[in-house]
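Participant: Right, I'll just put the structure down here and ask away after.
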There are 2 protein chains.
Amino acid sequence: MTHAKAKSAPGHVYPAEDLNQHPGHLIRRAQQALNAAWAEKVSKTISSPQFAVMNALLADPELDQRTVGERVDIDRSTMADLVARLTARGLLEWTRDSADGRRKKIRLTPKGCALLQEIIPRTRTMTGHLVRALSPSEEAELRRLLRLVVTAHDASTSSTDQ
Amino acid sequence: MTHAKAKSAPGHVYPAEDLNQHPGHLIRRAQQALNAAWAEKVSKTISSPQFAVMNALLADPELDQRTVGERVDIDRSTMADLVARLTARGLLEWTRDSADGRRKKIRLTPKGCALLQEIIPRTRTMTGHLVRALSPSEEAELRRLLRLVVTAHDASTSSTDQ
DNA sequence: CGCCAACCCTCAGTACACAGATCATCTGGA
DNA sequence: TCCAGATGATCTGTGTACTGAGGGTTGGCG
C-alpha cells in the first residue's frame, strides 16, 4: 500500500467503478439475455451461432467454411468445432473443393434445411421478446448504434490489420 | 421431404434472414469487439468478467462468492472456476464464513488490489475506444437501451422465476 | 521446374457460460 | 431433537471464443 510503483500521486486510490455505466459490461449482460431468450423462444439444440451458419448456407447453398465464418463473424477454430458438431448431427455435410484441396465446401442437408425452416420464424419471435422493453424506433436505434460499434471494430482489424 | 410435419401452406419457404437486422447477432458481434478492445487496451491476463469480480470486491471488501456472482451477473459454476483461477494467481483469497460454513468469503489480496488499481483507468480508455464511432449522447443512448434490455430480462427471471 | 510463402483447416490449451447432479451445511417444523 | 427441504459450492458435460502450433495444398517467383 505504502509505495506502489504507479507514477501517480501517492495516496491516490481509484474507487470501484459503476459497471452499469460501462457499455462493455452491459453488452456482456445483453448477450446473456440473448442466450436465455434464444433457449426459451427458438431452440435448445441449435445455438444462435449455429443458426447464423445454417442461415448463411440458405442464402448461398455451398460455401467454403472460411467464407461462412467471415460472413457470420465466427473464428476459424470455432467454425471447425461448430461444423463438426452440425455434421455429426446430420444437419450439414461437406466435400473437399476439387479446384482447391485446402477448402472444405459445406452445405445444408435436407434435414438441416427442414430444421432451419422451423427455426427462422421463431428467431423473429425471440427478437421481439428480447427487445420487448423498447419501442420500434428505440429498437432501430439500438441496431444502428451496435452496428456503428462493430463496424468501427471491423475497420480496425480487416485491412492493414495492425 | 414429401410430407413435412409443418402445418403451414406447402411450398412456402422462408428465405435467409439478414442477420444485420437482428439485434441478437449484433450483440454477439459487439461482445467480440469488446473482447478485442479489452485485450488491446486493458489487459491480456485479466478478462472483463475477472475485472468485474475484483471491482465488486473493491466496493465491498469481503463478500461471499454467490453475492458477488449476483452483483456482476456471473453464473455460480463460472464463479467457482473464475475464483479458483484468481486465487491460484494470488489475486484473491478466501475463508470459510464462520457463521455459515457453506459460504466462501472472498477478498482481494494486496497484489490483486494493486493490479486492480492499474487496470481501472485503462477500462475507461478501452470504453472510449470501443465506442469511438459514437458521439457522447449516442453512447449514453446505447447504455440506456442496453439497460432496458437487460432489466427486462432480469425482471422475468429474478422473481417468480419460471 | 522447384521451392517457399501464403492459405485453409485442425488441434491443443485456456477461459467464459450454463444446465444438471452431487455434496455439505444450515434451518425450520414436527 | 431430528429429519426434510433449502441453500452454497463443486463437478461434469456441452458449447462458444480465441491464440498459437502444426499439416496439407496451392500458387507464384526465381
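As shown in the C-alpha cells, the chain order sets the letters A, B, ...; within each chain, residues go from 1, and ligands are also counted from 1 in the order they appear.
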Please extract the residues of region 39-105 of chain B with a backbone DSSP assignment of helix (DSSP H, G or I) and present them as a PyMOL selection string.

Facilitator: chain B and resi 39-41+48-59+65-72+76-88

Participant: I want to know what sits within 12 Å of DC4 (chain C), based on only C-alpha atoms (C1' of nucleotides), with residues of the same chain fewer than 4 positions away left out; could you give that as a VMD selection string?

Facilitator: chain D and resid 26 to 30

Participant: Suppose we keep N, CA and C atoms (P, O5', C5', C4', C3', O3' and C1' of nucleotides); can you now write the selection as a PDB file, in the first residue's frame?

Facilitator:
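Okay, part_10.pdb is ready:
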ATOM      1  P    DT D  26      -4.343 -28.708 -54.141  1.00  0.00           P
ATOM      2  O5'  DT D  26      -3.887 -27.200 -54.319  1.00  0.00           O
ATOM      3  C5'  DT D  26      -4.601 -26.171 -53.605  1.00  0.00           C
ATOM      4  C4'  DT D  26      -3.922 -24.835 -53.814  1.00  0.00           C
ATOM      5  C3'  DT D  26      -3.489 -24.540 -55.250  1.00  0.00           C
ATOM      6  O3'  DT D  26      -4.140 -23.360 -55.665  1.00  0.00           O
ATOM      7  C1'  DT D  26      -1.758 -24.045 -53.709  1.00  0.00           C
ATOM      8  P    DG D  27      -4.083 -22.878 -57.161  1.00  0.00           P
ATOM      9  O5'  DG D  27      -2.969 -21.750 -57.100  1.00  0.00           O
ATOM     10  C5'  DG D  27      -3.000 -20.768 -56.070  1.00  0.00           C
ATOM     11  C4'  DG D  27      -1.759 -19.899 -56.160  1.00  0.00           C
ATOM     12  C3'  DG D  27      -1.310 -19.584 -57.588  1.00  0.00           C
ATOM     13  O3'  DG D  27      -0.806 -18.251 -57.614  1.00  0.00           O
ATOM     14  C1'  DG D  27       0.413 -20.710 -56.466  1.00  0.00           C
ATOM     15  P    DG D  28      -0.708 -17.499 -59.036  1.00  0.00           P
ATOM     16  O5'  DG D  28       0.516 -16.508 -58.798  1.00  0.00           O
ATOM     17  C5'  DG D  28       0.765 -15.969 -57.495  1.00  0.00           C
ATOM     18  C4'  DG D  28       2.265 -15.930 -57.199  1.00  0.00           C
ATOM     19  C3'  DG D  28       3.137 -15.421 -58.364  1.00  0.00           C
ATOM     20  O3'  DG D  28       4.175 -14.614 -57.831  1.00  0.00           O
ATOM     21  C1'  DG D  28       3.850 -17.562 -57.741  1.00  0.00           C
ATOM     22  P    DC D  29       4.920 -13.537 -58.760  1.00  0.00           P
ATOM     23  O5'  DC D  29       6.261 -13.229 -57.956  1.00  0.00           O
ATOM     24  C5'  DC D  29       6.584 -14.016 -56.801  1.00  0.00           C
ATOM     25  C4'  DC D  29       7.964 -14.635 -56.962  1.00  0.00           C
ATOM     26  C3'  DC D  29       8.814 -14.093 -58.118  1.00  0.00           C
ATOM     27  O3'  DC D  29      10.144 -13.885 -57.679  1.00  0.00           O
ATOM     28  C1'  DC D  29       8.658 -16.430 -58.278  1.00  0.00           C
ATOM     29  P    DG D  30      11.110 -12.959 -58.517  1.00  0.00           P
ATOM     30  O5'  DG D  30      12.442 -13.806 -58.546  1.00  0.00           O
ATOM     31  C5'  DG D  30      12.992 -14.318 -57.334  1.00  0.00           C
ATOM     32  C4'  DG D  30      13.691 -15.634 -57.605  1.00  0.00           C
ATOM     33  C3'  DG D  30      14.828 -15.555 -58.637  1.00  0.00           C
ATOM     34  O3'  DG D  30      15.948 -16.269 -58.147  1.00  0.00           O
ATOM     35  C1'  DG D  30      13.284 -17.237 -59.281  1.00  0.00           C
TER      36       DG D  30
END

Participant: With only C-alpha atoms (C1' of nucleotides) as the counted atoms, please give the residues lying no more than 12 Å from DG20 (chain D), apart from itself and same-chain residues fewer than 3 positions off, as a PyMOL selection string.

Facilitator: (chain A and resi 77) or (chain C and resi 11-14)

Participant: Print the selection's residues with N, CA and C atoms (P, O5', C5', C4', C3', O3' and C1' of nucleotides) to a file, as an mmCIF file, in the first residue's frame.

Facilitator:
data_model
loop_
_atom_site.group_PDB
_atom_site.id
_atom_site.type_symbol
_atom_site.label_atom_id
_atom_site.label_comp_id
_atom_site.auth_asym_id
_atom_site.auth_seq_id
_atom_site.Cartn_x
_atom_site.Cartn_y
_atom_site.Cartn_z
ATOM 1 N N SER A 77 -11.204 -21.479 -35.785
ATOM 2 C CA SER A 77 -11.188 -22.641 -34.889
ATOM 3 C C SER A 77 -12.598 -22.973 -34.421
ATOM 4 P P DC C 11 -8.678 -32.520 -35.757
ATOM 5 O "O5'" DC C 11 -7.609 -32.103 -34.640
ATOM 6 C "C5'" DC C 11 -6.232 -32.046 -34.992
ATOM 7 C "C4'" DC C 11 -5.415 -31.517 -33.815
ATOM 8 C "C3'" DC C 11 -6.050 -31.735 -32.433
ATOM 9 O "O3'" DC C 11 -5.024 -32.097 -31.527
ATOM 10 C "C1'" DC C 11 -5.619 -29.450 -32.751
ATOM 11 P P DA C 12 -5.357 -32.721 -30.093
ATOM 12 O "O5'" DA C 12 -4.629 -31.730 -29.085
ATOM 13 C "C5'" DA C 12 -3.280 -31.319 -29.362
ATOM 14 C "C4'" DA C 12 -2.897 -30.168 -28.448
ATOM 15 C "C3'" DA C 12 -3.452 -30.259 -27.026
ATOM 16 O "O3'" DA C 12 -2.440 -29.840 -26.121
ATOM 17 C "C1'" DA C 12 -4.136 -28.229 -28.017
ATOM 18 P P DG C 13 -2.632 -29.941 -24.516
ATOM 19 O "O5'" DG C 13 -2.924 -28.438 -24.067
ATOM 20 C "C5'" DG C 13 -2.043 -27.407 -24.487
ATOM 21 C "C4'" DG C 13 -2.595 -26.058 -24.081
ATOM 22 C "C3'" DG C 13 -3.345 -26.067 -22.736
ATOM 23 O "O3'" DG C 13 -2.902 -24.956 -21.964
ATOM 24 C "C1'" DG C 13 -4.694 -25.100 -24.409
ATOM 25 P P DT C 14 -3.375 -24.812 -20.380
ATOM 26 O "O5'" DT C 14 -4.394 -23.581 -20.456
ATOM 27 C "C5'" DT C 14 -3.940 -22.332 -20.957
ATOM 28 C "C4'" DT C 14 -5.111 -21.398 -21.110
ATOM 29 C "C3'" DT C 14 -6.010 -21.323 -19.874
ATOM 30 O "O3'" DT C 14 -6.063 -19.969 -19.434
ATOM 31 C "C1'" DT C 14 -7.279 -21.581 -21.861
#

Participant: Taking only C-alpha atoms into account, what are the residues of chain A at most 7 Å from chain B, put as a ChimeraX atom specification?

Facilitator: /A:14,16-17,23-24,26-31,33-34,55,58-59,117,130-131,133,142-143,145-150,152-153

Participant: So that I have them on file, write out the residues from the current selection with C-alpha atoms, as a tab-separated table (two decimals), in the first residue's frame.

Facilitator:
chain	number	residue	atom	x	y	z
A	14	TYR	CA	-9.33	4.74	-7.59
A	16	ALA	CA	-14.72	0.98	-7.61
A	17	GLU	CA	-16.28	1.61	-11.00
A	23	PRO	CA	-21.13	-0.24	-22.19
A	24	GLY	CA	-18.89	-3.31	-22.20
A	26	LEU	CA	-23.94	-4.05	-20.49
A	27	ILE	CA	-23.01	-5.77	-23.75
A	28	ARG	CA	-21.98	-8.90	-21.85
A	29	ARG	CA	-25.21	-8.90	-19.88
A	30	ALA	CA	-27.22	-8.32	-23.05
A	31	GLN	CA	-25.67	-11.41	-24.57
A	33	ALA	CA	-30.24	-12.11	-22.04
A	34	LEU	CA	-29.99	-13.11	-25.70
A	55	ASN	CA	-28.79	-19.27	-42.40
A	58	LEU	CA	-29.60	-20.91	-47.07
A	59	ALA	CA	-28.61	-17.71	-48.88
A	117	GLN	CA	-37.26	-23.55	-41.82
A	130	LEU	CA	-35.56	-9.72	-26.29
A	131	VAL	CA	-36.34	-6.09	-27.07
A	133	ALA	CA	-38.89	-3.09	-23.33
A	142	LEU	CA	-30.13	0.13	-30.80
A	143	ARG	CA	-29.35	-1.73	-34.00
A	145	LEU	CA	-25.62	2.09	-32.54
A	146	LEU	CA	-24.44	-1.51	-32.27
A	147	ARG	CA	-23.66	-1.52	-35.98
A	148	LEU	CA	-21.54	1.59	-35.50
A	149	VAL	CA	-19.57	-0.15	-32.76
A	150	VAL	CA	-18.96	-3.36	-34.70
A	152	ALA	CA	-15.56	0.56	-36.25
A	153	HIS	CA	-14.05	-2.64	-34.88

Participant: Give me, as a ChimeraX atom specification, the residues of chain A touching chain C, with the criterion being at most 10 Å (counting only C-alpha atoms (C1' of nucleotides)).

Facilitator: /A:32,35-36,64-66,76-77,79-81,100-104

Participant: Per residue of chain D within 12 Å of chain B, what are the shortest atom pair and its distance in Å to one decimal, counting only C-alpha atoms (C1' of nucleotides), with rows by chain and residue number, as a Markdown table?

Facilitator:
| residue | atom | partner | partner_atom | distance |
| --- | --- | --- | --- | --- |
| D:DT7 | C1' | B:Arg102 | CA | 8.3 |
| D:DG8 | C1' | B:Arg102 | CA | 5.1 |
| D:DA9 | C1' | B:Arg102 | CA | 7.1 |
| D:DT10 | C1' | B:Ala80 | CA | 7.5 |
| D:DC11 | C1' | B:Ser77 | CA | 9.1 |
| D:DT12 | C1' | B:Ser77 | CA | 11.0 |
| D:DT16 | C1' | B:Arg28 | CA | 10.6 |
| D:DA17 | C1' | B:Gln32 | CA | 8.5 |
| D:DC18 | C1' | B:Ala36 | CA | 9.9 |
| D:DT19 | C1' | B:Lys44 | CA | 11.5 |

Participant: Calculate how many Å separate CA of Ser47 (chain B) from CA of Pro136 (chain B), rounding to one decimal.

Facilitator: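 So the two atoms, CA of Ser47 (chain B) and CA of Pro136 (chain B), lie 25.5 Å apart.
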
Participant: Write down as a short mmCIF file (atom, residue, chain, number, x, y, z; two decimals) with C-alpha atoms, in the first residue's frame the residues belonging to region 2-160 of chain A that are assigned strand (DSSP E) by DSSP computed on the backbone.

Facilitator:
data_model
loop_
_atom_site.label_atom_id
_atom_site.label_comp_id
_atom_site.auth_asym_id
_atom_site.auth_seq_id
_atom_site.Cartn_x
_atom_site.Cartn_y
_atom_site.Cartn_z
CA LEU A 63 -19.64 -22.13 -49.48
CA ASP A 64 -16.29 -22.96 -48.05
CA LEU A 92 -24.58 -30.24 -42.54
CA GLU A 93 -22.41 -32.12 -44.99
CA TRP A 94 -19.15 -31.23 -46.70
CA THR A 95 -16.91 -32.12 -49.56
CA ARG A 96 -13.38 -31.14 -50.39
CA LYS A 104 -13.96 -27.57 -47.27
CA LYS A 105 -17.25 -26.83 -49.00
CA ILE A 106 -20.19 -27.13 -46.65
CA ARG A 107 -23.94 -27.25 -47.33
CA LEU A 108 -27.20 -27.98 -45.55
#

Participant: Rounded to one decimal in Å, what is the spacing between CA of Glu62 (chain B) and CA of Asp97 (chain B)?

Facilitator: 10.5 Å
